[in-house]
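Asks: Supplied structure: entry_25.cif, mmCIF, C-alpha atoms.
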data_query
#
loop_
_atom_site.group_PDB
_atom_site.id
_atom_site.type_symbol
_atom_site.label_atom_id
_atom_site.label_comp_id
_atom_site.auth_asym_id
_atom_site.auth_seq_id
_atom_site.Cartn_x
_atom_site.Cartn_y
_atom_site.Cartn_z
ATOM 1 C CA MET B 177 -8.900 115.008 -32.948
ATOM 2 C CA ASN B 178 -9.569 112.278 -30.365
ATOM 3 C CA LYS B 179 -7.026 113.878 -28.025
ATOM 4 C CA LEU B 180 -8.831 117.198 -28.112
ATOM 5 C CA ILE B 181 -12.155 115.811 -26.891
ATOM 6 C CA PRO B 182 -10.963 114.964 -23.340
ATOM 7 C CA LEU B 183 -9.185 118.313 -23.139
ATOM 8 C CA ALA B 184 -12.345 120.135 -24.227
ATOM 9 C CA LEU B 185 -14.402 118.207 -21.656
ATOM 10 C CA VAL B 186 -11.968 119.090 -18.860
ATOM 11 C CA LEU B 187 -12.046 122.765 -19.819
ATOM 12 C CA LEU B 188 -15.827 122.727 -20.029
ATOM 13 C CA LEU B 189 -16.114 121.081 -16.614
ATOM 14 C CA ALA B 190 -13.708 123.574 -15.055
ATOM 15 C CA GLY B 191 -15.663 126.471 -16.523
ATOM 16 C CA CYS B 192 -19.032 125.377 -15.125
ATOM 17 C CA GLY B 193 -18.038 125.945 -11.488
ATOM 18 C CA PHE B 194 -18.129 122.271 -10.504
ATOM 19 C CA HIS B 195 -15.767 121.303 -7.714
ATOM 20 C CA LEU B 196 -15.501 118.286 -5.476
ATOM 21 C CA ARG B 197 -16.874 118.572 -1.986
ATOM 22 C CA ASN B 198 -14.180 119.044 0.641
ATOM 23 C CA ALA B 199 -13.525 116.244 3.074
ATOM 24 C CA LEU B 200 -15.382 116.202 6.365
ATOM 25 C CA THR B 201 -13.777 118.462 8.941
ATOM 26 C CA LEU B 202 -14.152 117.894 12.629
ATOM 27 C CA PRO B 203 -13.436 120.462 15.324
ATOM 28 C CA PRO B 204 -9.737 120.128 16.231
ATOM 29 C CA ASP B 205 -10.507 119.910 19.955
ATOM 30 C CA ILE B 206 -13.127 117.152 19.679
ATOM 31 C CA GLY B 207 -10.766 114.284 20.582
ATOM 32 C CA PRO B 208 -11.912 110.666 20.374
ATOM 33 C CA VAL B 209 -15.527 110.144 19.278
ATOM 34 C CA ARG B 210 -17.772 107.226 20.086
ATOM 35 C CA VAL B 211 -21.066 106.508 18.374
ATOM 36 C CA VAL B 212 -23.896 105.380 20.647
ATOM 37 C CA SER B 213 -27.182 103.897 19.481
ATOM 38 C CA PRO B 214 -30.114 102.195 21.217
ATOM 39 C CA ASP B 215 -29.570 99.303 18.778
ATOM 40 C CA PRO B 216 -26.101 97.821 19.399
ATOM 41 C CA TYR B 217 -26.109 96.344 15.869
ATOM 42 C CA SER B 218 -27.308 99.452 14.037
ATOM 43 C CA PRO B 219 -25.841 99.613 10.511
ATOM 44 C CA LEU B 220 -26.152 103.408 10.656
ATOM 45 C CA ALA B 221 -24.095 103.640 13.850
ATOM 46 C CA GLU B 222 -21.427 101.342 12.391
ATOM 47 C CA SER B 223 -21.140 103.323 9.151
ATOM 48 C CA LEU B 224 -21.001 106.638 11.065
ATOM 49 C CA ALA B 225 -18.213 105.304 13.289
ATOM 50 C CA GLN B 226 -16.241 104.235 10.220
ATOM 51 C CA ALA B 227 -16.807 107.577 8.470
ATOM 52 C CA LEU B 228 -15.697 109.540 11.546
ATOM 53 C CA THR B 229 -12.549 107.424 11.769
ATOM 54 C CA ARG B 230 -11.818 108.129 8.087
ATOM 55 C CA ALA B 231 -12.317 111.845 8.813
ATOM 56 C CA GLY B 232 -9.602 111.735 11.454
ATOM 57 C CA ALA B 233 -11.562 111.189 14.655
ATOM 58 C CA ALA B 234 -9.904 108.691 16.938
ATOM 59 C CA ALA B 235 -11.970 105.852 18.319
ATOM 60 C CA PRO B 236 -11.856 105.726 22.128
ATOM 61 C CA ALA B 237 -9.488 103.100 23.532
ATOM 62 C CA ASP B 238 -12.298 101.788 25.726
ATOM 63 C CA PRO B 239 -15.660 101.650 23.894
ATOM 64 C CA GLU B 240 -17.481 102.117 27.207
ATOM 65 C CA ALA B 241 -15.424 105.163 28.253
ATOM 66 C CA THR B 242 -17.347 108.392 28.727
ATOM 67 C CA GLU B 243 -14.756 110.693 30.286
ATOM 68 C CA GLY B 244 -12.794 112.748 27.777
ATOM 69 C CA VAL B 245 -14.715 111.265 24.847
ATOM 70 C CA ALA B 246 -17.077 113.079 22.475
ATOM 71 C CA THR B 247 -20.340 111.274 21.772
ATOM 72 C CA LEU B 248 -22.404 111.070 18.621
ATOM 73 C CA GLU B 249 -25.671 109.785 19.990
ATOM 74 C CA ILE B 250 -28.267 108.243 17.712
ATOM 75 C CA LEU B 251 -31.338 108.733 19.893
ATOM 76 C CA SER B 252 -33.766 106.972 17.571
ATOM 77 C CA GLU B 253 -34.124 105.444 14.136
ATOM 78 C CA GLN B 254 -37.606 104.911 12.753
ATOM 79 C CA TRP B 255 -38.787 103.313 9.539
ATOM 80 C CA GLY B 256 -42.250 103.738 8.069
ATOM 81 C CA ASP B 257 -43.887 102.313 4.995
ATOM 82 C CA SER B 258 -47.239 103.719 3.896
ATOM 83 C CA PRO B 259 -49.327 103.195 0.765
ATOM 84 C CA ILE B 260 -49.819 106.274 -1.404
ATOM 85 C CA ALA B 261 -51.708 104.831 -4.397
ATOM 86 C CA LEU B 262 -54.304 102.079 -4.805
ATOM 87 C CA ASP B 263 -55.437 100.070 -7.815
ATOM 88 C CA ASN B 264 -59.081 99.588 -8.845
ATOM 89 C CA LEU B 265 -59.426 96.672 -6.382
ATOM 90 C CA GLY B 266 -58.195 98.733 -3.435
ATOM 91 C CA ARG B 267 -54.770 97.074 -3.257
ATOM 92 C CA ALA B 268 -51.729 99.234 -2.602
ATOM 93 C CA GLN B 269 -49.699 99.877 -5.754
ATOM 94 C CA GLU B 270 -47.304 102.598 -4.676
ATOM 95 C CA PHE B 271 -45.626 103.104 -1.309
ATOM 96 C CA SER B 272 -43.636 105.762 0.482
ATOM 97 C CA LEU B 273 -40.703 104.514 2.550
ATOM 98 C CA ARG B 274 -39.706 106.935 5.308
ATOM 99 C CA TYR B 275 -36.605 106.923 7.491
ATOM 100 C CA ALA B 276 -36.185 109.337 10.387
ATOM 101 C CA THR B 277 -33.264 109.680 12.767
ATOM 102 C CA VAL B 278 -32.799 111.848 15.852
ATOM 103 C CA PHE B 279 -29.174 112.514 16.797
ATOM 104 C CA ALA B 280 -26.876 114.861 18.699
ATOM 105 C CA LEU B 281 -23.110 115.343 18.943
ATOM 106 C CA ARG B 282 -21.611 116.388 22.263
ATOM 107 C CA ASP B 283 -17.965 117.112 22.996
ATOM 108 C CA ALA B 284 -16.003 115.586 25.876
ATOM 109 C CA GLN B 285 -17.301 118.243 28.295
ATOM 110 C CA GLY B 286 -20.924 117.489 27.377
ATOM 111 C CA LYS B 287 -21.493 120.699 25.387
ATOM 112 C CA ASP B 288 -23.526 120.427 22.206
ATOM 113 C CA VAL B 289 -21.454 120.545 19.030
ATOM 114 C CA VAL B 290 -24.516 119.600 16.972
ATOM 115 C CA PRO B 291 -27.682 120.029 19.040
ATOM 116 C CA GLN B 292 -30.346 117.346 18.960
ATOM 117 C CA GLN B 293 -32.099 117.342 15.601
ATOM 118 C CA VAL B 294 -34.151 115.193 13.283
ATOM 119 C CA ILE B 295 -33.414 114.183 9.717
ATOM 120 C CA GLU B 296 -36.209 112.561 7.741
ATOM 121 C CA LEU B 297 -35.777 111.023 4.317
ATOM 122 C CA SER B 298 -38.345 109.346 2.088
ATOM 123 C CA ARG B 299 -38.541 107.523 -1.215
ATOM 124 C CA ASP B 300 -41.545 106.409 -3.208
ATOM 125 C CA TYR B 301 -41.649 103.091 -5.020
ATOM 126 C CA VAL B 302 -44.091 101.113 -7.114
ATOM 127 C CA ALA B 303 -44.948 97.620 -5.908
ATOM 128 C CA PRO B 304 -47.764 95.895 -7.788
ATOM 129 C CA ALA B 305 -49.671 93.410 -5.627
ATOM 130 C CA ALA B 306 -48.974 90.618 -8.139
ATOM 131 C CA ASP B 307 -45.174 91.016 -7.764
ATOM 132 C CA ALA B 308 -44.554 90.302 -4.061
ATOM 133 C CA ILE B 309 -40.926 89.204 -4.577
ATOM 134 C CA GLY B 310 -39.981 92.352 -6.491
ATOM 135 C CA LYS B 311 -41.619 94.503 -3.818
ATOM 136 C CA ALA B 312 -39.396 93.076 -1.067
ATOM 137 C CA SER B 313 -36.179 93.422 -3.051
ATOM 138 C CA GLU B 314 -36.959 96.996 -4.117
ATOM 139 C CA ARG B 315 -37.771 97.959 -0.523
ATOM 140 C CA GLU B 316 -34.485 96.414 0.619
ATOM 141 C CA LEU B 317 -32.503 98.365 -1.982
ATOM 142 C CA LEU B 318 -34.265 101.592 -1.018
ATOM 143 C CA SER B 319 -33.535 100.911 2.657
ATOM 144 C CA LYS B 320 -29.815 100.587 1.934
ATOM 145 C CA GLU B 321 -29.877 103.764 -0.154
ATOM 146 C CA LEU B 322 -31.727 105.702 2.556
ATOM 147 C CA ARG B 323 -29.261 104.478 5.181
ATOM 148 C CA ARG B 324 -26.324 105.718 3.034
ATOM 149 C CA GLU B 325 -28.061 109.061 2.506
ATOM 150 C CA MET B 326 -28.786 109.360 6.241
ATOM 151 C CA ASN B 327 -25.130 108.714 6.997
ATOM 152 C CA ALA B 328 -24.108 111.451 4.539
ATOM 153 C CA ALA B 329 -26.727 113.894 5.879
ATOM 154 C CA ILE B 330 -25.548 113.461 9.485
ATOM 155 C CA LEU B 331 -21.918 113.920 8.433
ATOM 156 C CA ARG B 332 -22.832 117.090 6.496
ATOM 157 C CA ARG B 333 -24.518 118.515 9.595
ATOM 158 C CA ILE B 334 -21.447 117.734 11.715
ATOM 159 C CA ASP B 335 -19.224 119.318 9.065
ATOM 160 C CA ALA B 336 -21.383 122.466 8.911
ATOM 161 C CA ALA B 337 -21.360 122.801 12.697
ATOM 162 C CA SER B 338 -17.562 122.365 12.793
ATOM 163 C CA ARG B 339 -17.038 125.048 10.176
ATOM 164 C CA ARG B 340 -19.232 127.481 12.146
ATOM 165 C CA ARG B 341 -17.149 126.918 15.300
#
Just give me the structure of the file as structure tokens.

Replies:
Amino acid sequence: MNKLIPLALVLLLAGCGFHLRNALTLPPDIGPVRVVSPDPYSPLAESLAQALTRAGAAAPADPEATEGVATLEILSEQWGDSPIALDNLGRAQEFSLRYATVFALRDAQGKDVVPQQVIELSRDYVAPAADAIGKASERELLSKELRREMNAAILRRIDAASRRR
């Protein structure tokens, strides 16, 4: 009986239409890709460079090289934190954390593979005024999560553009 349960679950999962997302595909003619950001220590730029390498894009031999190298340019990264709910004393209780990035991907000839576009993500969180320590740690966790989601969203856009080409 216990052996039939995993088999039934596998059959049920196969019947529902679920399938794993395919790996990121890059255009075959893209060549080496460098990631450029206004912030040289941007965690987003670092994670995108690593993800592109895992997807098969070669890193340029010279990080400063521009000739014959495709460029994923992070034009801007902006964070915003705004209150969305107040308590009876007028103190902020709930916040909305926003993260927006403008980026573009150009091939080695300077043609747009992914034209300049904006991705904006947001998350709401509760931060009572009495719990200042919890507020900072929750915001930090949300920031990391938003950065991971931004990385995935940019990679999905690159993948969609590659499949269209």

Asks: Enter the distance from CA of Pro208 (chain B) to CA of Gly232 (chain B), in Å, rounded to one decimal.

Replies: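 Interatomic distance here is 9.3 Å.
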
Asks: Convert the output of the PyMOL selection byres ((chain B and resi 331) around 12) on the shown file into explicit residues, formatted as a PyMOL selection string.

Replies: chain B and resi 199-202+220-221+223-231+248+279-281+290+295+324-330+332-338

Asks: Got a sec to resolve the PyMOL selection byres ((chain B and resi 262-274) around 7) on this structure and send the residues as a list in words?

Replies: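 With the PyMOL selection byres ((chain B and resi 262-274) around 7) on this model, the match is Trp255, Gly256, Asp257, Ser258, Pro259, Ile260, Ala261, Tyr275, Ala276, Leu297, Ser298, Arg299, Asp300, Tyr301, Val302, Ala303, Pro304 and Ala305 of chain B.
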
Asks: What would the file look like if the residues just selected were written as a PDB file, in the coordinates of the input with C-alpha atoms?

Replies:
ATOM      1  CA  TRP B 255     -38.787 103.313   9.539  1.00  0.00           C
ATOM      2  CA  GLY B 256     -42.250 103.738   8.069  1.00  0.00           C
ATOM      3  CA  ASP B 257     -43.887 102.313   4.995  1.00  0.00           C
ATOM      4  CA  SER B 258     -47.239 103.719   3.896  1.00  0.00           C
ATOM      5  CA  PRO B 259     -49.327 103.195   0.765  1.00  0.00           C
ATOM      6  CA  ILE B 260     -49.819 106.274  -1.404  1.00  0.00           C
ATOM      7  CA  ALA B 261     -51.708 104.831  -4.397  1.00  0.00           C
ATOM      8  CA  TYR B 275     -36.605 106.923   7.491  1.00  0.00           C
ATOM      9  CA  ALA B 276     -36.185 109.337  10.387  1.00  0.00           C
ATOM     10  CA  LEU B 297     -35.777 111.023   4.317  1.00  0.00           C
ATOM     11  CA  SER B 298     -38.345 109.346   2.088  1.00  0.00           C
ATOM     12  CA  ARG B 299     -38.541 107.523  -1.215  1.00  0.00           C
ATOM     13  CA  ASP B 300     -41.545 106.409  -3.208  1.00  0.00           C
ATOM     14  CA  TYR B 301     -41.649 103.091  -5.020  1.00  0.00           C
ATOM     15  CA  VAL B 302     -44.091 101.113  -7.114  1.00  0.00           C
ATOM     16  CA  ALA B 303     -44.948  97.620  -5.908  1.00  0.00           C
ATOM     17  CA  PRO B 304     -47.764  95.895  -7.788  1.00  0.00           C
ATOM     18  CA  ALA B 305     -49.671  93.410  -5.627  1.00  0.00           C
TER      19      ALA B 305
END

Asks: How many Å separate CA of Glu314 (chain B) from CA of Glu253 (chain B)?

Replies: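 Spanning CA of Glu314 (chain B) to CA of Glu253 (chain B) is a straight-line distance of 20.3 Å.
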
Asks: Hey, what comes out of the PyMOL selection byres ((chain B and resi 245) around 6) on this file? Could you write it as a PyMOL selection string?

Replies: chain B and resi 208-209+242-244+246+284

Asks: Using only C-alpha atoms, which of B:Arg339, B:Val294, B:Pro219, B:Lys287 sits nearest Lys320 (chain B)?

Replies: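 Using only C-alpha atoms, the shortest distance to Lys320 (chain B) belongs to B:Pro219.
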
Asks: Work out how far CA of Arg340 (chain B) is from CA of Glu296 (chain B), in Å to one decimal.

Replies: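 A separation of 23.0 Å between them.
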